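A.B. asks: My structure is below; once you've seen it, I'll send some questions.
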Amino acid sequence: MLKLHNLSKVYRTDEVETVALNSVNVEIETGEFVAIMGPSGCGKSTLLNIIGMLDSPSSGNYFFMDEDVAGYSEAKLGNIRKQHIGFIFQSFNLIDELTVAENIELALLYHNIPASERRDRVARVMDKVGIAHRAKHMPSQLSGGQQQRVAVARAVVGDQAMILADEPTGNLDSAHGQEVMEMLQALNEEGTTIVMVTHSPAHADYARRTINLFDGHVVTENLRAAV
Amino acid sequence: MFQNYLSVAFRNLIKNKLYSAINIIGLAVGLMSCVLIMLFVRDEFSYDKFWKNADSIYRLHTTFAVPGREPFVTVVAQGPAKEALQRFFPNEIEATTRMNGMSPVVRRDDKTFQETIYWTDPETADMFDFDLIAGDMHQALADNSSIALSESMAEKYFGTDNAIGEVLTLTFYSITRDYRVAAVYRDLPHNTVIDLPAMVRIDEKDFEEQSWEFAQWFSVNSVLFYELKPGVNIDLVRNRLDDFANANIEIPSQLGRDIKASDFIKYSTLALPEIQLHPAGGGEMKPTGDIKKVQIFIAIAGLILLIACINFMNLATAKSIQRAREVALRKVLGARRSQLIVQFLGESVLLALIGLVLGLVLVEATLPAFSEMLGKELAFNYADGMTGLILLGLVIAVGVMGGIYPALVLSGFLPARVLKANKSAETGGSAILRNVLVVTQFTISIALIIGTAVVYGQMFYATSMDPGFNKDNLLVVRGTSRSGASDKQEALREEILRLPGVTSVAYSGDRPASGNENNTSVTVPGSENTESVLLGVQTVDYDFFSTYQIQFLAGRNYNRDFATDGRPSAEGAKPGEILNGTIILNESALGRLGFGTPQEALGKAVRLGVGGEPGARIQADLQVIGVVPDTHFQSLRRMVRPEMYMMDTDNHNNLSVRFSGDPARLVSAIEGVWKSMITNVPFSYEFVDEAMAEEFTQEQALAKLLTGFSVLAVAIACLGLYGLASYTAARRTKEIGIRKVLGASVLDIVRLLIWQFSKPVLLANIIAWPIAVWGMMSWLETFPYRLDTWVLGPLCIGAGVVALLIAWVTVGGNAAKVARSNPIKALRYE
């Protein structure tokens, strides 16, 4: 699916130079479920953002589906992103002014998909994550777990091959957290590649492989036997 | 406490630079407009209040209601009306006086000028308190060889020397007489409708041959003021003006037997201080204002200030989220709601005060240009208590108006929710209010744009309207019938015709756009209808139509080979005799006379008096030999009247010159010819196209001012929109981030934001169009010749497009910046 080769990210302000990622080499196969762990400030989110093409590396190569996208323009990255990558955030990031269905539909809005097909797909994906009965509700009327399910639905409605989840359970209690993890696992079993940043070792256990980051370096990679 | 408020207020101003700048600049410009317009309005209302007798002086106005014609409305009166008024209202009227402006030639040593001098009655010295510099007003108006001069006039002829006792020689009609200067008075201030550069006493014996000046009841040439006796109600006079007309004016029998004078001549009256703002007709001593114009400008000032206040309100509510935490903390620490309201109102009044200071700087910078556009000398007097009071009131009003809603909203925040939820505490209500306010701003702006466009459109229409003759490359030399010039008319004509570049010349009684009225009543001989018809008269010569390039609809021009062409001379004719002559009519006259088509009219005749005494009149039957189209010779501002073009050599006061080539060189050549032949009449001329455009100088000034204020209104509205857009963009960063992560392009985001602000502008169009169309249609109705109504359609759409484009540009830059920003920042830090 993707391969990072000697990838570095340096943030510069006027006086300080902060190295967020230092010569990281990571390879993720199609259909994998990878967890990224590490203490605060180790570069987890930076790594995820670069994988998600929301940020560009300072140096190194990023091969996405065998294409080196490290030097691509924002518009070009945006195109790849919207076709292949879905996002799930810790704070859900639903649009408050739109209903559940509209929030999910948003992911299709920028894909030139006819309205009727959009409706079908939104309905299907809502069934799948179990929030069809909340379609007309506003995000503020839902519990955190339900909101995150909407976010998951939004991430997969466009048939994205890869989902990037940034602490998807961080704002949820353990029951809801587990619910979301099971949903991700189910998606992975259907073939979606999942890359997840998490603080929770228990949730990391859902992944097949864990990458540990410390101060911008990959420290260990633990491979687990399939559950 | 107050210290704390003040420091918080100032820190807020400094912290939110964009917000503060938008508010202060907007308020400053709004207050500047207000102050400028206030100066204008106060000046307009100050007219003629300074006279000692201002409250008891009135002016008599005459309207001739000619059947079948637009009424001829004037603010002047007949010469005999002075004595008659005094006689008819012995218990009501204390004194009356006339002021009849003429243009004599004034000579002092070798200096010769044509001046406007007023012939007036001695009562003027009693009724009006002139600020005397030297001499005695009563003496100056005691006899027919003394003159009272204004200071500037005295200076022109005598420099700084004492002018009293010096002599000026005046030539008017056939009289040349020395006048001794008996009084010099300070120039009248600009805020009066009375314009008296110099005065001499009316001696009616001087004008026996010019009976129209002071002796006729059917000629109006004098401004007539009268002073009421103390305690008399003006209605006692006003209600009996019809009786006054009937008691004094005899209607010629041929106008009809049952016609009363009051059917034909209507009097009205106006108090001196009211004259400036209540235009009542033609014949003013100088151009006056109009209460409608004053009202329009007051409204514009209010609207511009409203737009600025709306910015204030909008940005303050929008920004309130940022201050929610401060409000919550203050409440937690024990602040009462009323204390918070006072704090926030205080802040907005402070902002208004800063705006006012900057506004006054702008007033100082723009006042000279503003004064010039209005043709006034406006000054801003800081020491004037009234001005200070108005400004203070304005600041508080603006501060409270702009601050009250945010103050109420902010102070109403529930602290627990704000502190805990860390969410926007904003209610849906304030978002709706903001939209309503933006719609209001753009409604005003769009209506102003439409108004400006219509005024310009009408001006363009009026000045480019085909007057029916060729007004370009045409100039008029004036004063050719004055004594000293009239006997050289033929020689002058030949000399000027010989100049290179001159293609044609013609004499006429009147000149284009003079607005003069000259009418004669005619009958149709042999017709059953014995009632007379009033027709306008233009006296012309053989070359008039070819010089003005007016084509004939039927018949022929006057011809030098036909001895009988034109108006026959009454000389040598016996009383009761009917002479023969020829006449050329315009198309409107045919309708009035019932002459049918131009072809059918040829050969028919009109009968009119050419001399003799009442009862033994000498008349002439003038056969129609030609018909010309209606032309706007008299004025572009009036309906075309039925006219006859009479071939008559009397009173040919204007020589029209058709030319090609360099006008400046030609003028100096003509001036050379004039001076070589005529020594005691100064050379004066005008270009016809310029004179016709000058009829619209008032509209021109209005158009310029409207443009200025529309630009200001739109600019302030856009400032607000810009502020609101940047606020909205900030508020929507999360949403924009999500959309971008989901694949929205920069263009998608820009479109999203622009559309959000297009909606209120589009709505504003829908509201503004009918309002503007209604307003401008009633304005256009004051012009007899005006833009077609359908033109308003494209103008409305144009104004809408302009407003929309301006809004897009305003919002677009900000939107693009936001759309380009990296979405992860927006999504990570909530």
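Labeling convention for the structure tokens: chains A, B, ... as they appear, residues from 1 per chain, ligands from 1 in order of appearance.
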Counting only C-alpha atoms, collect the residues of chain A whose closest atom lies at most 7 Å from chain B, and write them out as a ChimeraX atom specification.

C.D. replies: /A:54,78-79,81-82,93,95,107,110

A.B. asks: Just list the residues in region 14-224 of chain A DSSP gives alpha helix (DSSP H) on the backbone, as a ChimeraX atom specification.

C.D. replies: /A:44-51,74-84,100-109,115-129,144-156,174-189,201-204

A.B. asks: Report as a list in words all protein, DNA and RNA residues lying within 9 Å of Pro629 (chain B), evaluated on only C-alpha atoms, omitting residues in the same chain fewer than 3 positions from it.

C.D. replies: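 The contact residues come out as Gly468, Ile550, Gln551, Phe552, Leu553, Leu585, Asn586, Glu587 and Ser588 of chain B.
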
A.B. asks: Those same residues, written as an mmCIF file, in the first residue's frame with C-alpha atoms?

C.D. replies:
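To be explicit, this is the file written out as part_29.cif:
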data_model
loop_
_atom_site.group_PDB
_atom_site.id
_atom_site.type_symbol
_atom_site.label_atom_id
_atom_site.label_comp_id
_atom_site.auth_asym_id
_atom_site.auth_seq_id
_atom_site.Cartn_x
_atom_site.Cartn_y
_atom_site.Cartn_z
ATOM 1 C CA GLY B 468 -34.352 70.087 -32.619
ATOM 2 C CA ILE B 550 -33.929 73.691 -38.536
ATOM 3 C CA GLN B 551 -35.640 71.920 -41.446
ATOM 4 C CA PHE B 552 -39.081 72.950 -42.600
ATOM 5 C CA LEU B 553 -41.961 70.478 -42.327
ATOM 6 C CA LEU B 585 -45.265 78.383 -36.818
ATOM 7 C CA ASN B 586 -44.009 75.368 -34.947
ATOM 8 C CA GLU B 587 -45.883 72.098 -34.958
ATOM 9 C CA SER B 588 -47.379 72.556 -31.467
#

A.B. asks: Just to confirm, what's the straight-line distance from CA of Glu671 (chain B) to CA of Thr649 (chain B) in Å (one decimal)?

C.D. replies: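 The value is 22.9 Å.
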
A.B. asks: Would you list the contacts of region 206-216 of chain A as a VMD selection string, taking every protein, DNA or RNA residue within 8 Å and counting only C-alpha atoms, but skipping same-chain residues closer than 3 positions in sequence?

C.D. replies: chain A and resid 19 to 22 24 32 to 39 41 to 44 181 185 202 to 203 219 to 226

A.B. asks: Going by DSSP on the backbone, which bits of chain A are strand (DSSP E or B)? Write them as a ChimeraX atom specification, please.

C.D. replies: /A:2-12,17-28,33-37,59-64,67-68,85-88,162-166,193-197,209-214,217-223
